[in-house]
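Data from my_file.txt: compact mmCIF, C-alpha atoms
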# COMPACT_ATOMS: atom_id res chain seq x y z
CA MET A 1263 293.89 204.35 56.56
CA PRO A 1264 292.60 206.63 59.32
CA LEU A 1265 294.46 206.99 62.53
CA ASP A 1266 293.06 204.60 65.01
CA SER A 1267 294.70 205.51 68.23
CA VAL A 1268 296.49 208.27 69.95
CA SER A 1269 299.70 206.31 69.71
CA ASP A 1270 299.60 206.83 65.96
CA LEU A 1271 299.51 210.54 66.44
CA THR A 1272 302.03 211.08 69.18
CA LEU A 1273 305.58 210.12 69.07
CA ASP A 1274 307.46 208.88 72.01
CA LEU A 1275 310.17 211.50 72.37
CA SER A 1276 312.46 209.04 74.01
CA SER A 1277 312.34 206.75 70.99
CA PRO A 1278 315.04 206.77 68.29
CA ALA A 1279 312.60 208.60 66.08
CA ARG A 1280 313.49 211.72 68.00
CA GLU A 1281 316.78 211.72 66.21
CA VAL A 1282 315.19 211.56 62.75
CA GLU A 1283 316.24 214.61 60.85
CA VAL A 1284 313.37 216.82 59.74
CA MET A 1285 314.18 219.91 57.79
CA THR A 1286 311.77 222.74 58.53
CA ARG A 1287 311.04 225.91 56.66
CA VAL A 1288 308.51 228.66 57.19
CA LEU A 1289 306.52 229.73 54.13
CA ARG A 1290 304.12 232.60 53.57
CA LEU A 1291 301.53 231.76 50.98
CA PRO A 1292 298.60 233.78 49.64
CA THR A 1293 296.06 231.11 50.55
CA ASP A 1294 294.45 229.88 53.73
CA SER A 1295 293.68 226.46 52.32
CA VAL A 1296 296.11 223.73 53.34
CA ARG A 1297 295.11 221.79 50.26
CA GLN A 1298 295.98 224.65 47.92
CA ALA A 1299 299.16 225.31 49.86
CA ARG A 1300 300.19 221.66 49.43
CA ALA A 1301 299.62 221.93 45.71
CA ILE A 1302 301.78 225.06 45.57
CA VAL A 1303 304.52 223.44 47.63
CA ARG A 1304 304.39 220.27 45.53
CA MET A 1305 305.09 222.35 42.44
CA GLN A 1306 307.92 224.25 44.11
CA LEU A 1307 309.34 221.30 46.02
CA ASP A 1308 312.48 220.97 43.91
CA ARG A 1309 313.46 224.55 44.94
CA LEU A 1310 312.40 224.19 48.58
CA SER A 1311 314.18 220.88 49.21
CA PRO A 1312 317.91 220.29 49.09
CA LEU A 1313 317.22 216.67 48.17
CA PRO A 1314 315.67 215.26 45.00
CA VAL A 1315 311.88 215.30 45.16
CA ASP A 1316 311.49 211.54 44.77
CA LEU A 1317 313.66 210.91 47.85
CA ILE A 1318 311.62 212.95 50.30
CA VAL A 1319 308.20 213.23 51.86
CA PHE A 1320 306.78 216.48 53.18
CA ASP A 1321 304.04 217.83 55.39
CA LEU A 1322 302.60 221.30 55.69
CA VAL A 1323 301.15 222.74 58.91
CA ARG A 1324 299.28 226.04 59.07
CA LEU A 1325 300.72 228.36 61.72
CA GLN A 1326 298.95 231.69 61.53
CA ARG A 1327 297.16 234.06 59.24
CA ALA A 1328 298.15 237.69 58.86
CA GLY A 1329 296.69 240.06 56.32
CA GLY A 1330 296.21 238.26 53.03
CA GLU A 1331 298.93 235.72 53.73
CA THR A 1332 299.08 232.58 55.80
CA THR A 1333 302.19 231.24 57.43
CA PHE A 1334 302.84 227.53 56.98
CA ALA A 1335 305.55 225.31 58.44
CA LEU A 1336 307.02 222.94 55.88
CA GLY A 1337 308.59 219.74 57.18
CA ILE A 1338 310.74 217.68 54.84
CA LEU A 1339 311.84 214.18 55.72
CA ARG A 1340 313.99 211.67 53.85
CA ARG A 1341 311.83 208.90 52.51
CA SER A 1342 314.44 206.38 53.63
CA ALA A 1343 313.91 207.49 57.24
CA LEU A 1344 310.42 205.97 57.13
CA LEU A 1345 311.95 202.54 56.57
CA GLU A 1346 313.29 202.45 60.11
CA PRO A 1347 311.90 199.50 62.09
CA ALA A 1348 310.42 201.92 64.63
CA PHE A 1349 308.01 203.16 61.94
CA ALA A 1350 307.22 199.79 60.33
CA ASN A 1351 303.75 199.61 61.85
CA ARG A 1352 302.89 203.32 61.75
CA ARG A 1353 300.84 204.48 58.79
CA ILE A 1354 301.34 208.09 59.93
CA VAL A 1355 304.63 209.17 61.45
CA ALA A 1356 304.17 212.21 63.65
CA LEU A 1357 307.29 214.21 64.46
CA ALA A 1358 307.32 217.34 66.59
CA ARG A 1359 309.69 220.11 65.65
CA SER A 1360 310.09 223.76 66.40
CA ALA A 1361 309.29 226.20 63.63
CA ASP A 1362 309.01 229.96 63.84
CA GLY A 1363 309.20 229.75 67.63
CA ALA A 1364 306.30 227.31 67.88
CA GLU A 1365 306.09 223.57 68.42
CA VAL A 1366 304.75 221.99 65.27
CA VAL A 1367 303.75 218.35 64.78
CA PHE A 1368 304.39 217.13 61.22
CA ARG A 1369 302.53 214.05 60.10
CA PHE A 1370 304.27 212.12 57.35
CA ARG A 1371 302.36 209.43 55.55
CA ASN A 1372 304.22 206.12 55.64
CA ALA A 1373 302.81 204.21 52.68
CA SER A 1374 304.92 201.11 53.22
CA ALA A 1375 303.90 200.69 56.87
CA VAL A 1376 301.59 197.88 57.90
CA ASP A 1377 299.88 198.27 61.23
CA ASP A 1378 299.02 195.34 63.42
CA ARG A 1379 295.30 195.70 63.02
CA GLU A 1380 295.52 195.68 59.26
CA THR A 1381 297.74 192.62 59.43
CA ARG A 1382 295.25 190.86 61.65
CA TRP A 1383 292.36 191.69 59.37
CA LEU A 1384 294.21 190.86 56.21
CA ALA A 1385 295.02 187.41 57.54
CA HIS A 1386 291.36 186.52 56.99
CA ALA A 1387 291.22 187.98 53.51
CA PRO A 1388 292.09 184.79 51.53
CA LYS A 1389 289.44 182.75 53.38
CA ALA A 1390 286.90 185.54 52.97
CA ALA A 1391 287.75 185.77 49.27
CA ALA A 1392 287.23 182.02 48.90
CA VAL A 1393 283.86 182.24 50.65
CA ALA A 1394 282.90 185.25 48.54
CA LEU A 1395 283.95 183.36 45.41
CA GLY A 1396 281.72 180.44 46.33
CA LEU A 1397 278.82 182.69 47.22
CA THR A 1398 279.22 184.64 44.01
CA ALA A 1399 279.37 181.47 41.93
CA VAL A 1400 276.17 180.19 43.53
CA LEU A 1401 274.38 183.51 43.05
CA LEU A 1402 275.60 183.88 39.46
CA ALA A 1403 274.32 180.38 38.69
CA GLY A 1404 271.06 181.32 40.39
CA GLN A 1405 270.84 184.49 38.35
CA ILE A 1406 271.37 182.60 35.09
CA ARG A 1407 268.69 180.13 36.12
CA ALA A 1408 266.35 182.96 37.16
CA ASP A 1409 266.90 184.70 33.82
CA GLN A 1410 266.05 181.50 31.93
CA TRP A 1411 263.00 180.98 34.16
CA ARG A 1412 261.80 184.52 33.51
CA GLU A 1413 262.37 184.16 29.76
CA THR A 1414 260.17 181.06 29.69
CA ARG A 1415 257.58 182.14 32.26
CA LEU A 1416 256.75 185.57 30.79
CA PRO A 1417 255.67 184.21 27.37
CA ALA A 1418 253.82 181.39 29.15
CA ILE A 1419 251.97 183.89 31.34
CA ALA A 1420 251.19 186.03 28.29
CA ALA A 1421 249.86 182.92 26.51
CA GLU A 1422 247.74 182.05 29.56
CA GLN A 1423 246.39 185.60 29.54
CA ARG A 1424 245.50 185.32 25.87
CA ILE A 1425 243.79 181.97 26.43
CA ALA A 1426 241.88 183.33 29.41
CA ALA A 1427 240.83 186.42 27.47
CA ARG A 1428 239.73 184.27 24.54
CA ALA A 1429 237.78 181.97 26.84
CA ALA A 1430 236.09 184.95 28.50
CA ARG A 1431 235.21 186.38 25.10
CA ASP A 1432 233.86 183.00 23.97
CA VAL A 1433 231.67 182.76 27.06
CA ARG A 1434 230.41 186.28 26.46
CA ASP A 1435 229.73 185.57 22.78
CA GLN A 1436 228.10 182.25 23.58
CA THR A 1437 225.79 183.83 26.15
CA ALA A 1438 224.83 186.57 23.71
CA ALA A 1439 224.28 184.07 20.90
CA LEU A 1440 222.07 181.85 23.05
CA THR A 1441 220.14 184.91 24.24
CA ASP A 1442 219.57 185.96 20.62
CA TRP A 1443 218.52 182.45 19.63
CA ARG A 1444 216.18 181.98 22.59
CA SER A 1445 214.58 185.40 22.02
CA LEU A 1446 213.12 183.84 18.86
CA ASP A 1447 211.93 180.66 20.61
CA ARG A 1448 208.25 181.61 20.75
CA SER A 1449 208.07 183.24 17.37
CA ASP A 1450 210.37 184.72 14.81
CA ALA A 1451 209.66 186.88 11.78
CA ALA A 1452 208.81 183.83 9.67
CA THR A 1453 206.27 182.25 12.02
CA ARG A 1454 204.68 185.61 12.68
CA LEU A 1455 204.45 186.37 8.96
CA LEU A 1456 202.90 182.94 8.25
CA CYS A 1457 200.46 183.36 11.12
CA ILE A 1458 199.32 186.79 9.89
CA ALA A 1459 199.03 185.44 6.35
CA SER A 1460 196.81 182.62 7.57
CA LYS A 1461 194.59 185.13 9.42
CA ILE A 1462 194.31 187.35 6.34
CA THR A 1463 193.38 184.46 4.08
CA ALA A 1464 191.09 182.75 6.58
CA GLY A 1465 187.93 184.45 5.30
CA ASP A 1466 188.97 185.45 1.83
CA ARG A 1467 191.44 183.27 -0.09
CA SER A 1468 191.81 185.70 -3.01
CA PRO A 1469 195.31 187.15 -3.54
CA LEU A 1470 196.15 190.36 -1.69
CA ALA A 1471 198.22 192.96 -3.51
CA LEU A 1472 200.92 194.46 -1.31
CA ALA A 1473 203.44 197.20 -1.98
CA GLY A 1474 205.76 196.06 0.75
CA ALA A 1475 206.10 194.02 3.89
CA ALA A 1476 208.33 193.98 6.91
CA SER A 1477 208.42 191.56 9.76
CA ASP A 1478 210.39 190.88 12.89
CA ALA A 1479 209.82 188.88 16.05
CA SER A 1480 207.30 191.34 17.52
CA GLN A 1481 205.30 192.75 14.65
CA VAL A 1482 204.42 192.50 10.97
CA ARG A 1483 204.03 195.59 8.86
CA LEU A 1484 202.20 195.24 5.56
CA THR A 1485 201.63 198.02 3.02
CA PRO A 1486 198.54 197.38 0.85
CA LEU A 1487 198.35 198.63 -2.70
CA ASP A 1488 194.72 199.72 -2.49
CA ALA A 1489 191.96 200.62 -0.05
CA GLY A 1490 190.38 197.17 -0.33
CA GLY A 1491 193.59 195.62 0.80
CA ALA A 1492 193.74 198.00 3.76
CA THR A 1493 190.25 197.07 4.79
CA ARG A 1494 191.04 193.40 4.53
CA LEU A 1495 194.16 193.83 6.64
CA SER A 1496 192.23 195.79 9.26
CA ALA A 1497 189.63 193.02 9.35
CA ALA A 1498 192.41 190.55 10.11
CA GLY A 1499 193.40 192.57 13.17
CA GLY A 1500 195.86 195.05 11.73
CA LYS A 1501 196.05 198.67 12.79
CA ALA A 1502 196.98 201.57 10.62
CA ALA A 1503 200.44 202.88 11.27
CA PRO A 1504 200.51 206.12 13.33
CA GLY A 1505 200.43 209.20 11.18
CA GLY A 1506 198.55 207.56 8.33
CA SER A 1507 194.88 207.31 7.45
CA ALA A 1508 193.26 203.95 8.06
CA ALA A 1509 191.62 204.08 4.67
CA GLY A 1510 194.71 205.27 2.81
CA ALA A 1511 195.82 203.02 0.00
CA THR A 1512 199.54 203.03 0.86
CA THR A 1513 199.31 203.43 4.60
CA PRO A 1514 201.11 200.51 6.27
CA VAL A 1515 199.08 198.26 8.54
CA ILE A 1516 200.75 196.93 11.62
CA PHE A 1517 200.05 193.59 13.28
CA GLY A 1518 201.44 193.91 16.80
CA PRO A 1519 202.33 191.24 19.32
CA GLU A 1520 198.70 190.93 20.39
CA VAL A 1521 197.92 189.37 16.99
CA CYS A 1522 199.40 185.88 16.78
CA GLY A 1523 200.97 186.52 20.20
CA MET B 858 310.34 191.16 51.74
CA ARG B 859 308.50 187.88 52.14
CA LEU B 860 306.28 189.54 54.75
CA ASN B 861 305.57 192.38 52.36
CA ALA B 862 304.64 189.95 49.60
CA ARG B 863 302.28 188.16 51.95
CA ILE B 864 300.70 191.49 52.91
CA TRP B 865 300.18 192.43 49.28
CA ILE B 866 298.67 189.05 48.51
CA ASN B 867 296.27 189.49 51.41
CA ARG B 868 295.42 192.96 50.27
CA ALA B 869 294.68 191.64 46.78
CA ALA B 870 292.53 188.94 48.35
CA ALA B 871 290.66 191.60 50.32
CA VAL B 872 290.05 193.63 47.17
CA ALA B 873 288.91 190.50 45.33
CA CYS B 874 286.64 189.67 48.25
CA VAL B 875 285.01 193.10 48.08
CA LEU B 876 284.57 192.86 44.31
CA LEU B 877 283.10 189.37 44.56
CA LEU B 878 280.71 190.45 47.27
CA GLY B 879 279.63 193.33 45.06
CA LEU B 880 279.03 190.90 42.22
CA ALA B 881 277.11 188.60 44.57
CA ILE B 882 274.90 191.47 45.71
CA ALA B 883 274.25 192.45 42.08
CA SER B 884 273.30 188.84 41.27
CA ALA B 885 270.97 188.67 44.26
CA VAL B 886 269.31 191.91 43.18
CA ALA B 887 268.92 190.57 39.62
CA ILE B 888 267.33 187.36 40.94
CA ALA B 889 264.93 189.38 43.07
CA GLY B 890 264.13 191.50 40.01
CA ASP B 891 263.35 188.41 37.93
CA VAL B 892 261.07 186.99 40.60
CA THR B 893 259.32 190.34 41.04
CA THR B 894 258.81 190.71 37.28
CA VAL B 895 257.27 187.26 36.95
CA ASN B 896 255.08 187.74 40.02
CA ALA B 897 253.88 191.10 38.74
CA ALA B 898 253.06 189.60 35.35
CA ARG B 899 251.21 186.74 37.07
CA ALA B 900 249.30 189.19 39.29
CA THR B 901 248.18 191.31 36.34
CA ALA B 902 247.03 188.25 34.39
CA ALA B 903 243.28 188.24 33.90
CA PRO B 904 241.52 185.75 36.16
CA ARG B 905 240.53 182.63 34.28
CA PRO B 906 236.73 182.47 33.82
CA ALA B 907 234.97 179.76 35.74
CA THR B 908 234.46 176.68 33.60
CA GLY B 909 230.85 176.44 34.67
CA SER B 910 230.02 179.93 33.50
CA ALA B 911 229.67 178.84 29.88
CA THR B 912 226.13 177.78 29.13
CA THR B 913 225.66 174.67 27.06
CA ALA B 914 223.85 174.66 23.77
CA PRO B 915 220.24 173.43 23.80
CA ALA B 916 220.04 169.81 22.73
CA ALA B 917 217.34 170.60 20.14
CA LEU B 918 219.72 172.52 17.91
CA LYS B 919 220.30 170.83 14.55
CA PRO B 920 222.94 172.38 12.33
CA LEU B 921 221.98 172.90 8.71
CA LEU B 922 225.52 172.61 7.45
CA ARG B 923 229.05 171.76 8.50
CA ALA B 924 231.47 174.55 7.85
CA ASN B 925 235.21 174.62 7.93
CA ALA B 926 236.16 176.30 11.19
CA ALA B 927 238.60 178.57 9.38
CA THR B 928 236.16 179.83 6.73
CA PRO B 929 232.57 179.43 7.95
CA ASN B 930 231.52 182.57 6.07
CA VAL B 931 232.21 181.01 2.68
CA ALA B 932 230.26 177.84 3.48
CA VAL B 933 227.33 179.81 4.89
CA GLY B 934 227.32 182.11 1.86
CA GLU B 935 227.32 179.20 -0.58
CA PHE B 936 224.58 177.39 1.33
CA ILE B 937 222.30 180.44 1.52
CA ASN B 938 222.85 181.24 -2.13
CA LEU B 939 221.93 177.70 -3.14
CA ARG B 940 218.99 177.19 -0.76
CA LEU B 941 217.29 180.58 -1.26
CA GLY B 942 217.90 180.26 -5.00
CA ASP B 943 215.94 177.01 -4.93
CA LEU B 944 213.13 178.87 -3.15
CA GLY B 945 212.93 181.44 -5.96
CA LEU B 946 214.99 184.33 -4.61
CA PHE B 947 217.78 185.85 -6.64
CA VAL B 948 220.44 186.40 -4.00
CA SER B 949 222.64 189.39 -4.68
CA ALA B 950 224.63 189.56 -1.43
CA VAL B 951 225.19 187.40 1.62
CA ASP B 952 226.94 189.09 4.52
CA VAL B 953 227.82 186.96 7.53
CA ALA B 954 227.71 189.59 10.27
CA SER B 955 228.98 187.31 13.03
CA VAL B 956 229.77 183.71 13.89
CA ARG B 957 229.49 183.07 17.63
CA PRO B 958 229.98 179.87 19.60
CA LEU B 959 226.89 178.10 20.95
CA GLY B 960 228.66 175.27 22.78
CA ASN B 961 228.92 171.58 21.90
CA GLY B 962 230.90 172.55 18.81
CA LEU B 963 227.99 174.47 17.32
CA LYS B 964 228.10 178.07 16.14
CA LEU B 965 225.45 180.66 15.51
CA ALA B 966 225.90 182.67 12.32
CA GLU B 967 223.99 185.89 11.82
CA VAL B 968 223.50 186.34 8.09
CA ARG B 969 222.18 189.36 6.23
CA VAL B 970 220.85 188.45 2.81
CA THR B 971 220.01 190.91 0.09
CA ALA B 972 217.95 189.38 -2.69
CA ALA B 973 215.37 190.03 -5.37
CA GLY B 974 212.08 188.16 -5.36
CA SER B 975 208.33 188.33 -5.04
CA LEU B 976 206.20 188.16 -1.91
CA SER B 977 205.39 184.53 -2.68
CA ASP B 978 209.13 183.76 -2.73
CA ILE B 979 209.40 185.39 0.70
CA ALA B 980 206.50 183.25 1.87
CA SER B 981 208.41 180.18 0.64
CA VAL B 982 211.43 181.29 2.64
CA ALA B 983 209.23 181.80 5.70
CA ASN B 984 207.88 178.29 5.28
CA TRP B 985 211.37 176.85 4.92
CA VAL B 986 212.48 178.69 8.07
CA ALA B 987 209.41 177.51 9.98
CA ILE B 988 210.08 173.90 9.01
CA ASN B 989 213.73 174.13 10.06
CA ARG B 990 213.23 176.05 13.30
CA GLU B 991 215.87 173.99 15.11
CA ALA B 992 218.47 175.18 12.64
CA VAL B 993 217.46 178.55 11.27
CA ARG B 994 215.33 181.48 12.39
CA LEU B 995 214.31 184.66 10.66
CA LYS B 996 215.20 187.64 12.78
CA SER B 997 213.73 190.24 10.47
CA MET B 998 212.58 190.66 6.92
CA THR B 999 211.68 193.58 4.67
CA VAL B 1000 210.47 193.51 1.12
CA GLU B 1001 209.55 196.32 -1.24
CA GLN B 1002 207.42 195.22 -4.14
CA GLY B 1003 208.22 196.63 -7.57
CA ALA B 1004 205.79 197.31 -10.43
CA ASP B 1005 206.61 193.95 -12.05
CA GLY B 1006 205.65 191.99 -8.98
CA ARG B 1007 209.26 191.42 -7.96
CA GLY B 1008 211.10 193.51 -5.44
CA GLY B 1009 214.15 193.82 -3.33
CA CYS B 1010 214.18 192.16 0.01
CA THR B 1011 216.49 191.98 2.97
CA LEU B 1012 216.50 189.02 5.34
CA VAL B 1013 218.39 188.65 8.62
CA LEU B 1014 218.76 184.99 9.50
CA LEU B 1015 220.22 183.21 12.49
CA MET B 1016 221.71 179.89 11.43
CA VAL B 1017 223.12 177.04 13.48
CA VAL B 1018 226.35 175.83 11.94
CA ALA B 1019 228.43 172.85 13.01

Could I get this file's structure written as structure tokens?
Amino acid sequence: MPLDSVSDLTLDLSSPAREVEVMTRVLRLPTDSVRQARAIVRMQLDRLSPLPVDLIVFDLVRLQRAGGETTFALGILRRSALLEPAFANRRIVALARSADGAEVVFRFRNASAVDDRETRWLAHAPKAAAVALGLTAVLLAGQIRADQWRETRLPAIAAEQRIAARAARDVRDQTAALTDWRSLDRSDAATRLLCIASKITAGDRSPLALAGAASDASQVRLTPLDAGGATRLSAAGGKAAPGGSAAGATTPVIFGPEVCG
Amino acid sequence: MRLNARIWINRAAAVACVLLLGLAIASAVAIAGDVTTVNAARATAAPRPATGSATTAPAALKPLLRANAATPNVAVGEFINLRLGDLGLFVSAVDVASVRPLGNGLKLAEVRVTAAGSLSDIASVANWVAINREAVRLKSMTVEQGADGRGGCTLVLLMVVA
């Protein structure tokens, strides 16, 4: 917990804490980093302290740097000293001592201390936990419900999309089909073919020899077998196909939309 | 000691409170994610076509045959084979190119027929089509006459099917 006031940092020299025994030593270490120095000291603590390591707490304060070495002040305090009532609400116990001719303030971390502010805040913790539990329960239930809703809605939306796409395709197909059907309203290949046939046989009912015939909604194309047939077709209104001779025996004769229009 | 126990209980409650709040936030985010996913899917859904956009089939349409909705091609093929056979054509292939809806439960089948027959047989087919104009129309026709008077012909028919 961070220090929250100056009172945490400074120690009233008139208090009983002034009598707390802090053993100080001056160390020269080949590092400028307090963190590295702490790690070194932690490894060597059993040699540096006259007391067992698990009975003490220590702090390291950088004093000065000279050459490649840095001078640190090591303060060692009995762990039991932190249990004094004077330190019960101090998370950091700051003790000033003299080391290497300088006044050094050691800050020992008091893990068992409970400061007033923490106590005040923690008093609300059970109620807050109960509220948080209720809130979490409601939101978890909501999440389960939302998951179920999503699992049912997504397939439903996909099905709606498929139905809509199918309906759109049906409308498109229906429009195209009706357009195709209505394009043959006036005449189709059959009516046109019958109409042309009636024109051809109107004057001469004798059979007409044809090599081939083709018909659609706009024109009829007949291929006579002989020149007589071609003449007869021309007389009925047919025109020789482009590229062919009008008198040619196998030249197709075309009856355009103007004939039987 | 009792005070210390109380402190530790409160600390545990505080930790539990933080964890529960974290869980609550995660749940809220998951709910928001679900809603967003569904809304996004709904937004990307294709707009439903207007019901009035579909044109209705002309009342004059009279279907020549009733076909099973699942297999209209088979029914159309059998009908064409039978009917054009009666008219003198020897049908060798019937290909139903498409079956499209016309409305009112009717469908329009586009059928490509390959057959053998004479010009007079084709004329019979043209007569049959002309008589049944409300049900069938000849889109196109080609015939190539052989030396024996018979030839190969190809007919493209539009047929109304129920």

Closest pair table for chain A residues within 7 Å of chain B, only C-alpha atoms, as CSV:
residue,atom,partner,partner_atom,distance
A:Leu1384,CA,B:Asn867,CA,5.4
A:Ala1385,CA,B:Asn867,CA,6.6
A:Ala1387,CA,B:Ala871,CA,4.9
A:Pro1388,CA,B:Ala870,CA,5.2
A:Ala1390,CA,B:Cys874,CA,6.3
A:Ala1391,CA,B:Cys874,CA,4.2
A:Ala1394,CA,B:Leu877,CA,5.7
A:Leu1395,CA,B:Leu877,CA,6.1
A:Leu1397,CA,B:Ala881,CA,6.7
A:Thr1398,CA,B:Ala881,CA,4.5
A:Leu1401,CA,B:Ser884,CA,5.7
A:Leu1402,CA,B:Ser884,CA,5.8
A:Gln1405,CA,B:Ile888,CA,5.2
A:Ala1408,CA,B:Ile888,CA,5.9
A:Asp1409,CA,B:Asp891,CA,6.6
A:Arg1412,CA,B:Asp891,CA,6.1
A:Arg1415,CA,B:Val895,CA,7.0
A:Leu1416,CA,B:Val895,CA,6.4
A:Ile1419,CA,B:Arg899,CA,6.4
A:Gln1423,CA,B:Ala902,CA,5.6
A:Ala1426,CA,B:Arg905,CA,5.1
A:Ala1430,CA,B:Pro906,CA,5.9
A:Asp1432,CA,B:Pro958,CA,6.6
A:Val1433,CA,B:Ala911,CA,5.2
A:Asp1435,CA,B:Arg957,CA,5.7
A:Gln1436,CA,B:Pro958,CA,5.0
A:Thr1437,CA,B:Thr912,CA,6.8
A:Ala1439,CA,B:Arg957,CA,6.2
A:Leu1440,CA,B:Leu959,CA,6.5
A:Asp1450,CA,B:Leu995,CA,5.7
A:Ala1451,CA,B:Leu995,CA,5.3
A:Ala1452,CA,B:Ala983,CA,4.5
A:Thr1453,CA,B:Ala987,CA,6.0
A:Leu1456,CA,B:Ala983,CA,6.9
A:Ala1473,CA,B:Gln1002,CA,4.9
A:Gly1474,CA,B:Glu1001,CA,4.3
A:Ala1475,CA,B:Val1000,CA,5.2
A:Ala1476,CA,B:Thr999,CA,4.0
A:Ser1477,CA,B:Met998,CA,5.1
A:Asp1478,CA,B:Ser997,CA,4.2
A:Ala1479,CA,B:Lys996,CA,6.4

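Among the candidate residues A:Val1288, A:Val1376, A:Ala1464, A:Ile1425, the one lying nearest to Val1323 (chain A) is A:Val1288, with distances computed using all atoms listed in the file.
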
Here is a test: counting all atoms listed in the file, which residue of A:Arg1454, A:Pro1504, A:Gly1330, A:Ser1496 is nearest to Val1482 (chain A)?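 Closest to Val1482 (chain A) of all the choices is A:Arg1454.
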
In Å, with one decimal, what is the gap from CA of Glu1283 (chain A) to CA of Leu1339 (chain A)?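 Separation of CA of Glu1283 (chain A) and CA of Leu1339 (chain A): 6.8 Å.
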
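Using all atoms listed in the file, the residues found no farther than 10 Å from Leu1470 (chain A), other than those of its own chain fewer than 5 positions away, are Ala1459, Ile1462, Thr1463, Pro1486, Leu1487, Asp1488, Gly1490, Gly1491, Ala1492, Arg1494 and Leu1495 of chain A.
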
Using only C-alpha atoms, which residues sit within 7 Å of Val1355 (chain A) once same-chain residues fewer than 2 positions away are excluded, as a PyMOL selection string? chain A and resi 1349+1352-1353+1357+1369-1372

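Nearest-residue note for Val933 (chain B): choosing from B:Ala916, B:Ala862, B:Ala897, B:Leu921, the minimum distance belongs to B:Leu921, counting all atoms listed in the file.
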
Could you jot down the CA of Arg1290 (chain A) to CA of Glu1331 (chain A) separation for me, Å, one decimal place?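 Between these atoms lies a distance of 6.1 Å.
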
By how many Å are CA of Trp1443 (chain A) and CA of Pro1514 (chain A) apart? 28.4 Å

Where atoms are missing, can you supply N, CA and C atoms for region 1413-1424 of chain A and output the lot as a tab-separated table (two decimals), keeping the file's coordinate frame?
chain	number	residue	atom	x	y	z
A	1413	GLU	N	262.55	184.16	31.21
A	1413	GLU	CA	262.37	184.16	29.76
A	1413	GLU	C	261.30	183.14	29.32
A	1414	THR	N	261.19	182.04	30.07
A	1414	THR	CA	260.17	181.06	29.69
A	1414	THR	C	258.82	181.37	30.33
A	1415	ARG	N	258.85	181.91	31.55
A	1415	ARG	CA	257.58	182.14	32.26
A	1415	ARG	C	256.79	183.31	31.65
A	1416	LEU	N	257.47	184.39	31.29
A	1416	LEU	CA	256.75	185.57	30.79
A	1416	LEU	C	255.92	185.25	29.54
A	1417	PRO	N	256.52	184.59	28.52
A	1417	PRO	CA	255.67	184.21	27.37
A	1417	PRO	C	254.56	183.26	27.78
A	1418	ALA	N	254.86	182.34	28.72
A	1418	ALA	CA	253.82	181.39	29.15
A	1418	ALA	C	252.67	182.14	29.83
A	1419	ILE	N	253.01	183.10	30.66
A	1419	ILE	CA	251.97	183.89	31.34
A	1419	ILE	C	251.17	184.69	30.32
A	1420	ALA	N	251.89	185.26	29.34
A	1420	ALA	CA	251.19	186.03	28.29
A	1420	ALA	C	250.24	185.11	27.52
A	1421	ALA	N	250.72	183.87	27.23
A	1421	ALA	CA	249.86	182.92	26.51
A	1421	ALA	C	248.63	182.56	27.36
A	1422	GLU	N	248.87	182.35	28.67
A	1422	GLU	CA	247.74	182.05	29.56
A	1422	GLU	C	246.74	183.20	29.56
A	1423	GLN	N	247.28	184.43	29.56
A	1423	GLN	CA	246.39	185.60	29.54
A	1423	GLN	C	245.56	185.62	28.26
A	1424	ARG	N	246.24	185.31	27.14
A	1424	ARG	CA	245.50	185.32	25.87
A	1424	ARG	C	244.41	184.25	25.87
